[in-house]
Structure formats: C-alpha cells, structure tokens
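As stored in final09.txt (compact mmCIF, C-alpha atoms):
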```txt
# COMPACT_ATOMS: atom_id res chain seq x y z
CA MET A 17 -5.15 -18.58 6.43
CA HIS A 18 -7.03 -17.08 9.37
CA LEU A 19 -9.70 -14.46 8.79
CA ASP A 20 -7.70 -11.65 10.42
CA ILE A 21 -4.62 -12.13 8.22
CA LEU A 22 -6.81 -12.61 5.12
CA LEU A 23 -8.57 -9.35 5.91
CA GLY A 24 -5.21 -7.70 6.58
CA VAL A 25 -3.84 -8.85 3.21
CA VAL A 26 -6.90 -7.62 1.32
CA LEU A 27 -6.93 -4.24 3.06
CA SER A 28 -3.17 -3.86 2.57
CA TYR A 29 -3.53 -4.58 -1.14
CA LEU A 30 -6.34 -2.04 -1.45
CA PHE A 31 -4.28 0.54 0.46
CA GLY A 32 -1.28 -0.16 -1.73
CA SER A 33 -3.43 0.36 -4.82
CA ILE A 34 -3.79 4.05 -4.00
CA SER A 35 -1.49 5.95 -6.36
CA SER A 36 0.32 8.84 -4.73
CA ALA A 37 1.54 10.05 -8.12
CA ILE A 38 -1.94 10.25 -9.61
CA ALA A 39 -3.39 11.84 -6.46
CA VAL A 40 -0.62 14.46 -6.23
CA CYS A 41 -0.93 15.40 -9.89
CA LYS A 42 -4.69 15.73 -9.62
CA LEU A 43 -4.53 17.83 -6.45
CA MET A 44 -1.84 20.10 -7.89
CA GLY A 45 -3.60 20.55 -11.21
CA LEU A 46 -0.97 18.66 -13.18
CA ALA A 47 -1.39 16.29 -16.08
CA ASP A 48 -2.20 12.65 -15.34
CA PRO A 49 1.19 10.89 -15.13
CA ARG A 50 -0.30 7.97 -17.03
CA THR A 51 -0.68 10.20 -20.10
CA GLN A 52 2.56 12.22 -19.98
CA GLY A 53 6.28 11.55 -20.04
CA SER A 54 7.00 7.88 -19.49
CA LYS A 55 3.32 7.28 -18.65
CA ASN A 56 4.48 5.67 -15.43
CA PRO A 57 2.58 6.67 -12.26
CA GLY A 58 5.68 7.14 -10.15
CA ALA A 59 7.74 9.86 -8.53
CA THR A 60 10.29 10.19 -11.34
CA ASN A 61 7.59 10.82 -13.92
CA VAL A 62 5.95 13.31 -11.56
CA LEU A 63 9.32 15.09 -11.37
CA ARG A 64 9.31 15.22 -15.14
CA ILE A 65 5.77 16.60 -15.25
CA GLY A 66 5.46 18.85 -12.22
CA GLY A 67 8.88 19.46 -10.69
CA LYS A 68 10.64 18.64 -7.45
CA LYS A 69 7.91 19.57 -4.96
CA ALA A 70 5.30 17.32 -6.57
CA ALA A 71 7.82 14.50 -6.97
CA ILE A 72 8.94 14.64 -3.33
CA ILE A 73 5.31 14.51 -2.14
CA ALA A 74 4.59 11.54 -4.41
CA LEU A 75 7.76 9.78 -3.28
CA LEU A 76 6.95 10.28 0.40
CA GLY A 77 3.38 9.17 -0.21
CA ASP A 78 4.45 5.91 -1.83
CA THR A 79 7.00 5.27 0.92
CA ILE A 80 4.57 5.94 3.76
CA LYS A 81 2.06 3.74 1.96
CA GLY A 82 4.44 0.84 2.51
CA VAL A 83 5.13 1.72 6.13
CA ILE A 84 1.60 2.10 7.53
CA PRO A 85 0.05 -1.36 6.86
CA VAL A 86 3.15 -3.21 8.09
CA LEU A 87 3.38 -1.13 11.27
CA LEU A 88 -0.34 -1.64 11.93
CA ALA A 89 0.10 -5.38 11.44
CA LYS A 90 2.99 -5.34 13.92
CA PHE A 91 0.88 -3.41 16.42
CA TYR A 92 -1.97 -5.87 15.94
CA GLY A 93 0.39 -8.75 16.77
CA PHE A 94 0.87 -10.46 13.42
CA ASN A 95 3.73 -12.96 13.39
CA THR A 96 6.74 -12.88 11.08
CA MET A 97 5.15 -14.97 8.34
CA GLU A 98 2.02 -12.84 8.37
CA LEU A 99 4.08 -9.65 8.18
CA ASN A 100 5.69 -11.01 5.02
CA TRP A 101 2.26 -11.41 3.46
CA ILE A 102 1.18 -7.91 4.50
CA ALA A 103 4.30 -6.35 2.99
CA LEU A 104 3.84 -8.23 -0.28
CA ALA A 105 0.16 -7.26 -0.44
CA VAL A 106 1.01 -3.55 -0.20
CA PHE A 107 3.83 -3.92 -2.72
CA PHE A 108 1.69 -5.73 -5.29
CA GLY A 109 -1.09 -3.23 -4.70
CA HIS A 110 1.28 -0.53 -5.94
CA LEU A 111 2.47 -2.60 -8.90
CA TYR A 112 -0.98 -3.83 -9.92
CA PRO A 113 -3.58 -1.41 -8.46
CA ILE A 114 -7.18 -2.52 -8.75
CA TYR A 115 -8.32 1.11 -9.02
CA PHE A 116 -6.26 1.76 -12.17
CA ARG A 117 -6.75 -1.38 -14.26
CA PHE A 118 -3.77 -3.06 -12.59
CA GLN A 119 -1.32 -0.61 -14.18
CA GLY A 120 0.91 0.78 -11.42
CA GLY A 121 4.40 2.04 -10.75
CA LYS A 122 7.71 0.26 -10.33
CA GLY A 123 7.44 -0.21 -6.56
CA VAL A 124 10.81 1.15 -5.42
CA ALA A 125 9.49 3.64 -2.86
CA THR A 126 6.73 1.32 -1.62
CA ALA A 127 9.20 -1.55 -1.21
CA LEU A 128 11.48 0.76 0.77
CA GLY A 129 8.56 1.71 3.00
CA CYS A 130 7.69 -1.93 3.64
CA LEU A 131 11.31 -2.74 4.49
CA LEU A 132 11.53 0.34 6.70
CA ALA A 133 8.69 -1.05 8.81
CA LEU A 134 10.00 -4.62 8.74
CA SER A 135 13.66 -3.82 9.43
CA TRP A 136 14.73 -0.19 9.47
CA PRO A 137 18.49 -0.99 9.39
CA THR A 138 17.89 -2.92 6.17
CA ALA A 139 15.96 -0.03 4.64
CA LEU A 140 18.60 2.53 5.60
CA CYS A 141 21.41 0.37 4.20
CA LEU A 142 19.57 -0.13 0.91
CA PHE A 143 18.81 3.58 0.69
CA ALA A 144 22.52 4.26 1.16
CA ILE A 145 23.29 1.84 -1.69
CA TRP A 146 20.69 3.56 -3.88
CA LEU A 147 22.04 7.02 -3.04
CA LEU A 148 25.69 6.08 -3.61
CA THR A 149 24.91 4.48 -6.97
CA ALA A 150 22.78 7.46 -8.02
CA LEU A 151 25.52 9.93 -7.07
CA LEU A 152 28.25 7.96 -8.84
CA PHE A 153 26.44 7.12 -12.07
CA ARG A 154 23.48 9.58 -12.18
CA TYR A 155 21.01 6.89 -13.23
CA SER A 156 17.97 6.48 -10.98
CA SER A 157 17.05 3.17 -12.60
CA LEU A 158 20.56 1.74 -12.11
CA ALA A 159 20.44 2.82 -8.46
CA ALA A 160 17.09 1.07 -8.02
CA LEU A 161 18.34 -2.09 -9.72
CA THR A 162 21.51 -2.15 -7.61
CA ALA A 163 19.49 -1.78 -4.41
CA ALA A 164 17.12 -4.53 -5.59
CA VAL A 165 20.00 -6.94 -6.22
CA PHE A 166 21.43 -6.30 -2.76
CA THR A 167 18.05 -6.55 -0.98
CA PRO A 168 18.22 -10.31 -0.16
CA VAL A 169 21.82 -10.01 1.04
CA VAL A 170 21.15 -7.04 3.31
CA LEU A 171 17.93 -8.60 4.62
CA TRP A 172 19.75 -11.81 5.49
CA PHE A 173 22.50 -9.85 7.24
CA PHE A 174 20.07 -7.96 9.48
CA THR A 175 17.15 -10.39 9.87
CA LYS A 176 18.49 -13.80 8.75
CA THR A 177 15.49 -15.60 7.23
CA ASP A 178 12.66 -13.66 8.92
CA TYR A 179 11.72 -11.53 5.91
CA LEU A 180 14.03 -13.03 3.32
CA TRP A 181 11.44 -14.69 1.11
CA ALA A 182 9.28 -11.58 0.84
CA GLY A 183 12.39 -9.52 0.14
CA CYS A 184 13.46 -11.91 -2.61
CA ILE A 185 10.06 -11.69 -4.28
CA MET A 186 10.09 -7.90 -4.14
CA SER A 187 13.63 -7.87 -5.52
CA ILE A 188 12.67 -10.09 -8.47
CA PHE A 189 9.66 -7.96 -9.36
CA LEU A 190 11.60 -4.72 -8.98
CA ILE A 191 14.13 -5.98 -11.51
CA TYR A 192 11.37 -7.27 -13.80
CA ARG A 193 9.54 -3.93 -13.70
CA HIS A 194 12.74 -2.20 -14.78
CA LYS A 195 13.23 -4.36 -17.88
CA LYS A 196 12.84 -1.38 -20.23
CA ASN A 197 15.37 0.56 -18.20
CA ILE A 198 17.81 -2.36 -18.37
CA TRP A 199 17.51 -2.35 -22.15
CA ASN A 200 17.99 1.43 -22.26
CA LEU A 201 21.08 1.15 -20.05
CA LEU A 202 22.58 -1.54 -22.28
CA GLN A 203 21.89 0.58 -25.37
CA GLY A 204 23.23 3.76 -23.77
CA GLN A 205 19.82 5.43 -24.09
CA GLU A 206 18.89 5.80 -20.44
CA SER A 207 18.40 9.39 -19.27
CA LYS A 208 20.39 10.59 -16.31
CA ILE A 209 19.03 12.20 -13.16
CA GLY A 210 18.40 15.88 -13.81
CA ALA A 211 18.04 15.56 -17.58
CA SER A 212 15.45 17.89 -19.02
CA ALA A 213 11.98 16.59 -19.80
CA ALA A 214 12.56 17.17 -23.52
CA ARG A 215 15.50 14.78 -23.48
CA GLN A 216 13.78 12.00 -21.53
CA ALA A 217 13.21 8.79 -23.47
CA PRO A 218 9.44 8.12 -23.84
CA THR A 219 9.83 4.59 -22.50
CA LEU A 220 11.71 5.64 -19.40
CA ASP A 221 10.34 4.53 -16.05
CA LYS A 222 11.94 4.68 -12.64
CA PHE A 223 9.54 4.07 -9.73
```

Could you write out this structure as structure tokens?
Amino acid sequence: MHLDILLGVVLSYLFGSISSAIAVCKLMGLADPRTQGSKNPGATNVLRIGGKKAAIIALLGDTIKGVIPVLLAKFYGFNTMELNWIALAVFFGHLYPIYFRFQGGKGVATALGCLLALSWPTALCLFAIWLLTALLFRYSSLAALTAAVFTPVVLWFFTKTDYLWAGCIMSIFLIYRHKKNIWNLLQGQESKIGASAARQAPTLDKF
C-alpha cells in the first residue's frame, strides 16, 4: 500500500472516530448519550435524550462525516480500490472510534454518507428504501436492516463491482451491529419511531 493511501486510510479512520452524537450533546448541554437511554452514541439515542433538533444535527454530522473523506480522496485522484478503503476506514472509525475506547454507533448515517460520495444514485435509492420501510412499519431498526440487506444489490445495479466489496462489508457489519434490535423485533419488544423515552427498551439502538 502506497504512503498516500495509507495516510488517507489512517486520517479517514481518525475523522470517522469523531462522534457527532457526543459532540452535539456536549455543546447543547445534554447528557452524554453513552450514559443515557440505549447508551448508544447515535442520532436515535440523541432524539431520545435531547429531541428532534439535536438528533437532526447529529444525524447530519454523521452523514457528512462519511461524505468528506471520500470526496477528498476522489479530488486527490484515488482510484476505485483506494476509494473502497477510504470509505471503510471512515465507517469503521464510527463503529470503533479510537477516541472513545472503540465503542461507537451503528454506522447507518456514516455508511449512507460514504455511499453518497461513492455513488449518489445508490445512496438515494437506499434512503428511499429506508424511508419507505420506516413509514410502513414505524421501526427505525427494521428500516436500517432492510436498507443494509439491499445495499449490495443496489450497488451492483448502479456501479457493478466498483464498490461492491466495500458495500458488502458495510452491510454485514450494519446487520451485526443491529443484533440486539433483531432480537427485539423477533420478540415483539422493539420500540417504534416516535415512542416516548419512557417506553424505549434500555437495549435499543438504531444508528
């Protein structure tokens, strides 16, 4: 691996390790999301703790976090294989952040940001799948899982094999990180979108 791509991967991982949820909560004087609600540093838990405004900012922050390194790598002239590595570095930075003892969020928004920079038609299609599933069933986790399952298919449709392997890895880890949600869904214990904080299951994570 050349020095420039190695440096790009390291910097992308470090950038991905920045937690928008933790930063937003700290700046807005809210409780640390790692100590409240589901204890997951993601946008859904921020919604639970601080409301819609804080959650939207955290969600946008995590999405943009995935966009910036990939776009910079494109501008710098990285090839397709190298862009795959950059996207994965950002994604794993969010999942396993070095700044927070490798305990991060689920990666949904960051993965969407990476895909938006790699192939915006893919990202828009997956967002549509997420939105439709969320509107029909009112489960954020089910929407995320559905979008994750369709990620390789949609990527292949729009890009063939260019970003397929990175997309498959992200899809696998997105599903793995939602294992508690899968169990809750099977047991009928998963909270729906818009449920009050008092009714949220303590193990519930979304992003």

Set out as CSV a contact list for stretch 111-148 of chain A and stretch 152-165 of chain A with a cut-off of 12 Å, giving each residue of stretch 111-148 of chain A that qualifies its closest atom pair and distance in Å to one decimal, counting all atoms listed in the file, ordered by chain and rising residue number.
```
residue,atom,partner,partner_atom,distance
A:Lys122,CA,A:Ala160,CA,9.7
A:Gly123,CA,A:Ala160,CA,9.8
A:Val124,CA,A:Ala160,CA,6.8
A:Ala125,CA,A:Ala160,CA,9.5
A:Ala127,CA,A:Ala164,CA,9.5
A:Leu128,CA,A:Ala163,CA,9.9
A:Leu131,CA,A:Ala164,CA,11.8
A:Thr138,CA,A:Ala163,CA,10.8
A:Ala139,CA,A:Ala163,CA,9.9
A:Leu140,CA,A:Ala163,CA,10.9
A:Cys141,CA,A:Ala163,CA,9.1
A:Leu142,CA,A:Ala163,CA,5.6
A:Phe143,CA,A:Ala163,CA,7.4
A:Ala144,CA,A:Ala163,CA,8.8
A:Ile145,CA,A:Ala163,CA,5.9
A:Trp146,CA,A:Ala159,CA,4.6
A:Leu147,CA,A:Ala159,CA,7.0
A:Leu148,CA,A:Leu152,CA,6.1
```

message = As an exercise, work out the distance from atom CA of A:Trp199 to atom CA of A:Ile73 in Å and give it to one decimal place.
response =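 Going from atom CA of A:Trp199 over to atom CA of A:Ile73 covers 28.9 Å.
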
task = Might you pull out every residue within 9 Å of A:Gln52, with only C-alpha atoms counted and same-chain residues fewer than 5 positions away left off, and present them as a count of residues only?
result = 5

Using only the atoms of stretch 196-202 of chain A listed in the file, plus 8 Å on each side, state the axis-aligned box centre and edge lengths in Å rounded to one decimal, as JSON.
```
{"center_x": 17.7, "center_y": -0.5, "center_z": -20.2, "size_x": 25.7, "size_y": 19.8, "size_z": 20.1}
```

query = Which residues, written as number ranges by chain, have at least one atom at most 12 Å from A:Gly58, with all atoms listed in the file counted and residues fewer than 6 positions away on the same chain left out?
reply = A: 34-41, 48-50, 52, 64-66, 70-79, 110-111, 119-126, 220-223

task = Could you please determine the separation between atom CA of A:Leu46 and atom CA of A:Tyr115 in Å, to one decimal place?
result = 19.5 Å

remark   = From atom CA of A:Tyr112 to atom CA of A:Leu134 the spacing works out at 21.7 Å

inquiry  = Given all atoms listed in the file as the basis, pick out the residue of A:Gly53, A:Arg117, A:Val86, A:Ala105 nearest to A:Cys130.
reply    =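 Among A:Gly53, A:Arg117, A:Val86, A:Ala105, it is A:Val86 that comes nearest to A:Cys130.
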
key: Distance criterion (all atoms listed in the file): nearest to A:Glu98 out of A:Pro57, A:Ile188, A:Pro85, A:Thr167   = A:Pro85

ask   = Looking at all atoms listed in the file, which of A:Ala150, A:Leu201, A:Ala59, A:Val26 is the one that sits closest to A:Ala103?
value = A:Val26

request  = Rank nothing, just name the residue among A:Asn56, A:Thr51, A:Asn100, A:Thr149 nearest to A:Ile209, using only C-alpha atoms.
outcome  =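 For A:Ile209, the nearest of the given residues is A:Thr149.
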
ask   = Skipping near chain neighbours, those fewer than 2 positions away, what residues fall within 12 Å of A:Leu99 using all atoms listed in the file, listed as a ChimeraX atom specification?
value = /A:21-22,24-25,28,82-83,85-97,101-106,130-131,133-135,178-183

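For the set A:Ser54, A:Ser33, A:Thr175, A:Thr60, the residue with the smallest atom-to-atom gap to A:Phe107 is A:Ser33, counting all atoms listed in the file.
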
request  = Could you check which of A:Asp20, A:Lys69, A:Phe116, A:Leu27 is closest to A:Met44, using only C-alpha atoms?
outcome  =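 Of all the options, A:Lys69 lies closest to A:Met44.
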